[in-house]
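A.B. asks: Next up is a structure, given as structure tokens.
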Amino acid sequence: MSDWNGETQTPRVITGHVISHTGQAGPYEEHVPIPSEAQPGGGHTRGTRPPWVRPSRPRRIARLLVLLLCVLLLTGVGTYAWADFELDRAVALGADGDRPPRGKGTTYLIVGSDNRDGLSERDRKDLHAGGGGGGRTDSMMLLHTGAHGTTMVSLPRDSWVTLPAYLDPGTGKRHRPAKDKLNTAYSLGGARLLVRTVELNTGLRVDHYAEIGFAGFVGVVNAVGGVDMCVDRNIRDRRSGLDLTKGCHTLDGAQALAFVRQRHQEAQGDLGRSRNQQKFLAALAHKAATPGTALNPFRTYPLLGAALDTLVVDEDMELSTLASLFRAMSSVSSGDGRQLNVPVTGAGVSTSKGSAVQWDTVKAKRLFTALRNDRPVNIGEKG
């Protein structure tokens with residue numbers, strides 16, 4: 001037998017079964033020519049390649065899943081390393097010294113500053129952020145996590161407190177303890193003096209510190225696609241630029257910044273603003289934790305980038321600790337925690353530094369003692 005190249009081939013018989021058009025199987029034989037060079041004594045054997053067989057569907061799916069898993073693992077490791085490198089651990093909380101003893105559970109101080117880094121002149125105008133270089137705190141919250149869940153306590157920036165003795169880094173002059181508004185501590189001595197002031201007036205040891213500026217806040221809100229917020233009245237505030245009608249809205253970054261900054265349209269002024277800030281930050285954390293955001297790389301990476309641009313933390317802050325803080329804030333929005341203002345006896349109290357907020361000494365002490373000992377919070381309890 002010859003092929004079309006004129007080479008002699010030896011027939012090979014293959015036996016098996018074939019299915020007829022009636023559906024019955026029957027024996028068959030097929031004579032398949034074998035090239036002479038593949039036979040013994042047939043001369044030089046040319047290399048042959050086995051016919052390509054398309055992988056089965058289950059095998060193709062398995063390969064795709066393995067590839068996807070590898071990509072996710074590599075991306076996750078790379079993202080973690082990048083975020084860990086970018087995290088600005090600039091705040092040294094200091095050694096034990098004159099600080100309160102460590103309590104039970106973990107206490108964070110969360111600060112929103114008017115740091116304008118990253119904002120263009122146009123941004124400052126659009127956000128009603130002014131032209132200053134920053135140096136004040138617009139929001140301050142203590143967040144405690146422990147055996148009894150999460151408690152978030154707002155500290156009004158106009159709180160009338162005692163500033164501890166400090167050394168002015170600019171002049172080298174040492175200042176003695178004095179009464180002043182809480183947000184003055186940051187403008188005089190930065191994050192370190194603010195932490196010391198909070199610790200002195202609450203008796204709580206601040207375990208970790210996290211601060212974000214204007215640009216980072218706006219970027220984070222935009223990265224998650226806006227945050228839903230409802231208001232019970234029309235709010236129009238010329239100073240912050242907020243203009244909302246009664247009802248529910250999805251606030252973008254600029255609107256959100258105006259919302260957490262405005263206080264002149266609040267009946268309780270700084271106290272009302274503190275409640276708005278708590279409500280909004282909890283909702284923001286909840287939105288960022290939803291699958292539609294957390295599992296969407298087109299939102300996750302812009303979110304991380306915006307946060308890391310202006311986020312400042314203490315030198316001992318790990319990414320896992322920061323993630324725990326984030327989860328705790330999200331849980332408050334889900335109803336698994338408590339949101340409180342520090343108890344006060346009155347707002348608009350006249351002082352040598354202008355109008356201020358006076359804490360209720362007895363109730364505030366009761367609250368902070370409960371947090372320090374990681375006990376359930378009940379401001380109305382006695383003892």
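Residue names in the structure tokens use chain letters A, B, ... in the order shown, residue numbers from 1 in each chain, and ligand numbers from 1 in the order shown.
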Could you give me, as a Markdown table, every region 177-260 of chain A residue with an atom at most 10 Å from region 145-155 of chain A, plus its closest atom pair and distance in Å to one decimal, counting only C-alpha atoms, rows ordered by chain then number?
C.D. replies:
```
| residue | atom | partner | partner_atom | distance |
| --- | --- | --- | --- | --- |
| A:Leu182 | CA | A:Leu155 | CA | 8.4 |
| A:Asn183 | CA | A:Leu155 | CA | 9.7 |
| A:Val198 | CA | A:Leu155 | CA | 9.0 |
```
A.B. asks: Please provide as a count of residues only all residues within 10 Å of Leu87 (chain A), with the sequence filter that same-chain residues fewer than 3 positions apart are discarded (counting only C-alpha atoms).
C.D. replies: 16
A.B. asks: Residues near Ser352 (chain A), anyone? I mean within 12 Å using only C-alpha atoms, not counting same-chain ones fewer than 3 positions away, as a PyMOL selection string.
C.D. replies: chain A and resi 160+178-181+349+355-356
A.B. asks: Based on the selection just made, write C-alpha atoms of those residues as a JSON list (two decimals), in the first residue's frame.
C.D. replies:
```
[["chain", "number", "residue", "atom", "x", "y", "z"],
["A", 160, "TRP", "CA", -12.90, 73.60, 78.13],
["A", 178, "ALA", "CA", -3.37, 76.14, 81.64],
["A", 179, "LYS", "CA", -7.07, 76.08, 80.80],
["A", 180, "ASP", "CA", -7.98, 76.33, 77.13],
["A", 181, "LYS", "CA", -10.13, 74.82, 74.40],
["A", 349, "VAL", "CA", -20.01, 78.89, 78.39],
["A", 355, "SER", "CA", -17.36, 80.54, 74.16],
["A", 356, "ALA", "CA", -16.63, 76.94, 75.21]]
```
A.B. asks: Could you list, with a cut-off of 7 Å and counting only C-alpha atoms, the residues of region 288-376 of chain A near region 94-109 of chain A, each shown with its nearest atom pair and the distance in Å rounded to one decimal, rows sorted by chain and ascending number, as JSON lines?
C.D. replies:
```
{"residue": "A:Arg372", "atom": "CA", "partner": "A:Gly103", "partner_atom": "CA", "distance": 4.9}
{"residue": "A:Asn373", "atom": "CA", "partner": "A:Lys104", "partner_atom": "CA", "distance": 5.5}
{"residue": "A:Asp374", "atom": "CA", "partner": "A:Lys104", "partner_atom": "CA", "distance": 5.4}
```
A.B. asks: Skipping near chain neighbours, those fewer than 5 positions away, what residues fall within 12 Å of Thr300 (chain A) using only C-alpha atoms, listed as a ChimeraX atom specification?
C.D. replies: /A:76,79,83,219-225,287-295,305-307
A.B. asks: Mind the document's chain letters and residue numbers, and return as a ChimeraX atom specification the residues of region 109-206 of chain A that DSSP labels helix (DSSP H, G or I).
C.D. replies: /A:121-126,182-202
A.B. asks: Could you tell me how far CA of Glu211 (chain A) sits from CA of Val161 (chain A), in Å to one decimal place?
C.D. replies: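 Calculated distance between CA of Val161 (chain A) and CA of Glu211 (chain A) is 20.7 Å.
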A.B. asks: As an exercise, work out the distance from CA of Gly112 (chain A) to CA of Gly213 (chain A) in Å and give it to one decimal place.
C.D. replies: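 Here the two named atoms are 6.0 Å from each other.
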A.B. asks: One decimal, Å: what's the distance from CA of Arg176 (chain A) over to CA of Pro156 (chain A), could you say?
C.D. replies: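 We find that CA of Arg176 (chain A) and CA of Pro156 (chain A) lie 23.3 Å from each other.
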A.B. asks: When you count only C-alpha atoms, which of these residues is closest to Ala215 (chain A): A:Val111, A:Leu281, A:Val195, A:Ala254?
C.D. replies: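 With only C-alpha atoms as the atom set, the closest residue is A:Ala254.
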A.B. asks: Using DSSP on the backbone coordinates, identify the residues of region 60-300 of chain A assigned to strand (DSSP E); present them as an MDAnalysis selection string.
C.D. replies: chainID A and resid 88:91 106:113 137:146 149:154 160:163 166:167 174:175 178:181 208:212 227:231 235:237 242:244 247:251
A.B. asks: List the spatial neighbours of region 360-367 of chain A as a list in words - criterion: any atom at most 6 Å away, only C-alpha atoms, same-chain residues fewer than 3 positions off excluded.
C.D. replies: Pro343, Val344, Thr345, Ala370 and Ile379 of chain A
A.B. asks: For each of A:Arg375, A:Leu325, A:Gly269, A:Pro164, take the minimum atom-to-atom distance to Arg192 (chain A), counting only C-alpha atoms, then give the residue where this is smallest.
C.D. replies: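 Of the candidates, the smallest distance to Arg192 (chain A) is held by A:Pro164.
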